[in-house]
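Everything below belongs to my_file_3.pdb, which stores PDB, C-alpha atoms.
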MODEL        1
ATOM      1  CA  MET A 106      39.475  91.795  49.853
ATOM      2  CA  ALA A 107      38.385  89.475  52.676
ATOM      3  CA  ASN A 108      38.364  86.449  50.335
ATOM      4  CA  ILE A 109      41.992  86.882  49.276
ATOM      5  CA  PRO A 110      44.085  84.225  51.056
ATOM      6  CA  ARG A 111      47.129  85.133  53.124
ATOM      7  CA  ILE A 112      50.084  83.568  51.357
ATOM      8  CA  SER A 113      53.380  82.915  53.129
ATOM      9  CA  GLU A 114      56.716  83.749  51.537
ATOM     10  CA  THR A 115      57.371  80.111  50.589
ATOM     11  CA  GLU A 116      53.831  79.621  49.296
ATOM     12  CA  TRP A 117      54.338  82.763  47.213
ATOM     13  CA  GLU A 118      57.206  81.058  45.347
ATOM     14  CA  VAL A 119      54.918  78.160  44.434
ATOM     15  CA  MET A 120      52.189  80.562  43.340
ATOM     16  CA  GLU A 121      54.664  82.483  41.147
ATOM     17  CA  VAL A 122      55.374  79.292  39.190
ATOM     18  CA  LEU A 123      51.661  78.696  38.672
ATOM     19  CA  TRP A 124      50.884  82.319  37.823
ATOM     20  CA  GLN A 125      53.498  82.090  35.077
ATOM     21  CA  ARG A 126      52.285  78.772  33.673
ATOM     22  CA  SER A 127      49.451  76.486  34.637
ATOM     23  CA  PRO A 128      48.062  73.943  35.070
ATOM     24  CA  LEU A 129      51.072  71.987  36.347
ATOM     25  CA  THR A 130      51.581  68.765  38.267
ATOM     26  CA  ALA A 131      53.459  68.695  41.576
ATOM     27  CA  GLY A 132      56.475  67.212  39.790
ATOM     28  CA  GLU A 133      56.475  70.000  37.209
ATOM     29  CA  ILE A 134      56.252  72.591  39.986
ATOM     30  CA  VAL A 135      59.210  70.976  41.812
ATOM     31  CA  SER A 136      61.242  71.051  38.583
ATOM     32  CA  ALA A 137      60.416  74.713  37.983
ATOM     33  CA  LEU A 138      61.387  75.624  41.556
ATOM     34  CA  GLN A 139      64.628  73.638  41.379
ATOM     35  CA  ALA A 140      65.553  75.481  38.179
ATOM     36  CA  ASP A 141      66.056  78.546  40.415
ATOM     37  CA  ASP A 142      69.050  76.793  42.080
ATOM     38  CA  ARG A 143      67.196  75.937  45.264
ATOM     39  CA  SER A 144      66.776  72.492  46.684
ATOM     40  CA  TRP A 145      63.073  71.855  46.861
ATOM     41  CA  HIS A 146      61.850  68.491  48.083
ATOM     42  CA  GLU A 147      58.751  67.026  46.495
ATOM     43  CA  LYS A 148      57.185  66.369  49.905
ATOM     44  CA  THR A 149      57.629  70.035  50.879
ATOM     45  CA  VAL A 150      56.037  71.223  47.642
ATOM     46  CA  LYS A 151      53.113  68.828  48.078
ATOM     47  CA  THR A 152      52.577  70.152  51.620
ATOM     48  CA  LEU A 153      52.572  73.719  50.287
ATOM     49  CA  LEU A 154      50.170  72.749  47.498
ATOM     50  CA  SER A 155      47.833  71.182  50.043
ATOM     51  CA  ARG A 156      47.896  74.351  52.159
ATOM     52  CA  LEU A 157      47.239  76.551  49.129
ATOM     53  CA  VAL A 158      44.306  74.361  48.094
ATOM     54  CA  LYS A 159      42.917  74.564  51.642
ATOM     55  CA  LYS A 160      43.276  78.372  51.521
ATOM     56  CA  ARG A 161      41.502  78.342  48.134
ATOM     57  CA  ALA A 162      44.454  80.027  46.461
ATOM     58  CA  LEU A 163      44.818  76.967  44.229
ATOM     59  CA  GLY A 164      42.463  74.524  42.631
ATOM     60  CA  TYR A 165      43.228  71.194  41.064
ATOM     61  CA  ARG A 166      41.880  68.674  38.621
ATOM     62  CA  LYS A 167      42.643  65.006  38.402
ATOM     63  CA  ASP A 168      44.359  63.926  35.187
ATOM     64  CA  GLY A 169      44.765  60.166  35.305
ATOM     65  CA  ARG A 170      46.865  59.442  38.372
ATOM     66  CA  ALA A 171      48.228  62.983  38.599
ATOM     67  CA  TYR A 172      46.744  66.196  39.927
ATOM     68  CA  GLN A 173      47.125  69.370  37.920
ATOM     69  CA  TYR A 174      47.152  72.582  39.956
ATOM     70  CA  LEU A 175      45.974  76.002  38.821
ATOM     71  CA  PRO A 176      45.674  79.334  40.609
ATOM     72  CA  LEU A 177      42.254  80.433  41.824
ATOM     73  CA  ALA A 178      43.594  83.675  43.307
ATOM     74  CA  GLN A 179      44.749  86.343  40.868
ATOM     75  CA  LYS A 180      48.274  87.662  41.361
ATOM     76  CA  ALA A 181      47.138  91.311  41.305
ATOM     77  CA  ASP A 182      44.651  90.618  44.129
ATOM     78  CA  CYS A 183      47.304  88.835  46.201
ATOM     79  CA  VAL A 184      49.805  91.659  45.637
ATOM     80  CA  ARG A 185      47.194  94.205  46.726
ATOM     81  CA  ALA A 186      46.309  92.202  49.865
ATOM     82  CA  ALA A 187      49.976  91.638  50.791
ATOM     83  CA  SER A 188      50.772  95.322  50.215
ATOM     84  CA  GLU A 189      47.901  96.475  52.404
ATOM     85  CA  SER A 190      48.850  93.968  55.109
ATOM     86  CA  PHE A 191      52.463  95.205  55.051
ATOM     87  CA  LEU A 192      51.367  98.837  55.138
ATOM     88  CA  ASP A 193      49.067  98.177  58.102
ATOM     89  CA  ARG A 194      51.603  96.087  60.053
ATOM     90  CA  VAL A 195      54.714  98.180  59.513
ATOM     91  CA  PHE A 196      53.433 101.715  58.970
ATOM     92  CA  GLY A 197      50.087 101.678  60.759
ATOM     93  CA  GLY A 198      48.282 101.967  57.427
ATOM     94  CA  ALA A 199      49.866 105.342  56.635
ATOM     95  CA  LEU A 200      51.162 105.555  53.074
ATOM     96  CA  GLN A 201      53.214 108.759  53.365
ATOM     97  CA  PRO A 202      55.700 107.429  55.965
ATOM     98  CA  MET A 203      56.201 104.273  53.895
ATOM     99  CA  LEU A 204      56.893 106.222  50.706
ATOM    100  CA  ALA A 205      59.203 108.587  52.573
ATOM    101  CA  HIS A 206      61.093 105.640  54.059
ATOM    102  CA  PHE A 207      61.720 104.003  50.703
ATOM    103  CA  VAL A 208      62.559 107.244  48.902
ATOM    104  CA  GLU A 209      65.045 108.197  51.615
ATOM    105  CA  ASN A 210      66.624 104.762  52.092
ATOM    106  CA  LYS A 211      66.708 103.203  48.620
ATOM    107  CA  LYS A 212      68.939 104.267  45.773
ATOM    108  CA  LEU A 213      66.627 105.342  42.976
ATOM    109  CA  SER A 214      67.691 105.803  39.382
ATOM    110  CA  PRO A 215      66.757 109.004  37.555
ATOM    111  CA  GLU A 216      64.204 106.958  35.585
ATOM    112  CA  GLU A 217      62.618 105.648  38.781
ATOM    113  CA  LEU A 218      62.447 109.152  40.252
ATOM    114  CA  ALA A 219      60.856 110.470  37.053
ATOM    115  CA  GLN A 220      58.304 107.644  37.123
ATOM    116  CA  LEU A 221      57.436 108.404  40.762
ATOM    117  CA  LYS A 222      56.990 112.086  39.889
ATOM    118  CA  ARG A 223      54.697 111.157  36.991
ATOM    119  CA  LEU A 224      52.606 108.889  39.241
ATOM    120  CA  LEU A 225      52.244 111.593  41.893
ATOM    121  CA  THR A 226      51.403 114.262  39.305
ATOM    122  CA  LYS A 227      48.804 111.953  37.755
ATOM    123  CA  LYS A 228      47.338 111.250  41.189
ATOM    124  CA  GLU A 229      47.125 115.007  41.904
ATOM    125  CA  GLY A 230      45.076 115.493  38.740
ATOM    126  CA  LYS A 231      42.401 113.027  39.846
TER     127      LYS A 231
ENDMDL
END
Is it possible to give me this structure as C-alpha cells?
Amino acid sequence: MANIPRISETEWEVMEVLWQRSPLTAGEIVSALQADDRSWHEKTVKTLLSRLVKKRALGYRKDGRAYQYLPLAQKADCVRAASESFLDRVFGGALQPMLAHFVENKKLSPEELAQLKRLLTKKEGK
C-alpha cells in the first residue's frame, strides 16, 4: 500500500475521468471535466496532470505534439488507500465507531440495510 499515491480531492476528479476512459489529452480531460458544469481552466488541469505524473498516479505518452495521459494507479487501490487514511485520521483506525456513526447518522433504505446485514453475515462466516 506504500506505493499508492495520495490523491487530493481535485486530483481525484481528474483521475475519475481517466479511469473511465483513457488515454486522453489534456484538452480532452478539460472538456470532460467541463461537461460536469464546472469551470475548469486548461492551465489548472495541466498543473494537476503534472502533479499526478510526479506522484506516479498517471503516465503519459507523446503523440505528435500532444501528450496522452493514462492512469498508472488502479482505482480500487486508490479507494482502499483513501479509505484507510480516512479511517486512521478520523476514527483512529477503528472500524466499528465509523460504521456506527454512518449507520446512526445516515438515512439508509431497506435495501441498503439488507445489504449491510448480508455483508456482516458473510463476514461472520469467514
For the file shown, what are the residues hit by the PyMOL selection byres ((chain A and resi 148-161) around 12), laid out as a VMD selection string? chain A and resid 108 to 120 122 to 123 129 to 139 144 to 147 162 to 166 172 to 179
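For the atom pair formed by atom CA of A:Phe196 and atom CA of A:Pro215, the distance is 26.3 Å, given to one decimal.
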Could you work out an axis-aligned box for stretch 114-133 of chain A, taking every atom the file lists and adding 6 Å on each side, and report centre and edge lengths in Å to one decimal, as JSON?
{"center_x": 52.7, "center_y": 75.5, "center_z": 42.6, "size_x": 21.3, "size_y": 28.5, "size_z": 29.9}
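Here atom CA of A:Asp182 is placed at a distance of 12.1 Å from atom CA of A:Trp124.
As for atom CA of A:His206 and atom CA of A:Lys227, they are spaced 21.4 Å apart.
With distances restricted to all atoms listed in the file, A:Leu192 is the closest residue to A:Leu204 from A:Lys167, A:Ala140, A:Leu192, A:Ser127.
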Just so the selection is clear, what residues does the PyMOL selection byres ((chain A and resi 188-190) around 12) cover here, as a ChimeraX atom specification? /A:106-107,109-112,180-187,191-200,203
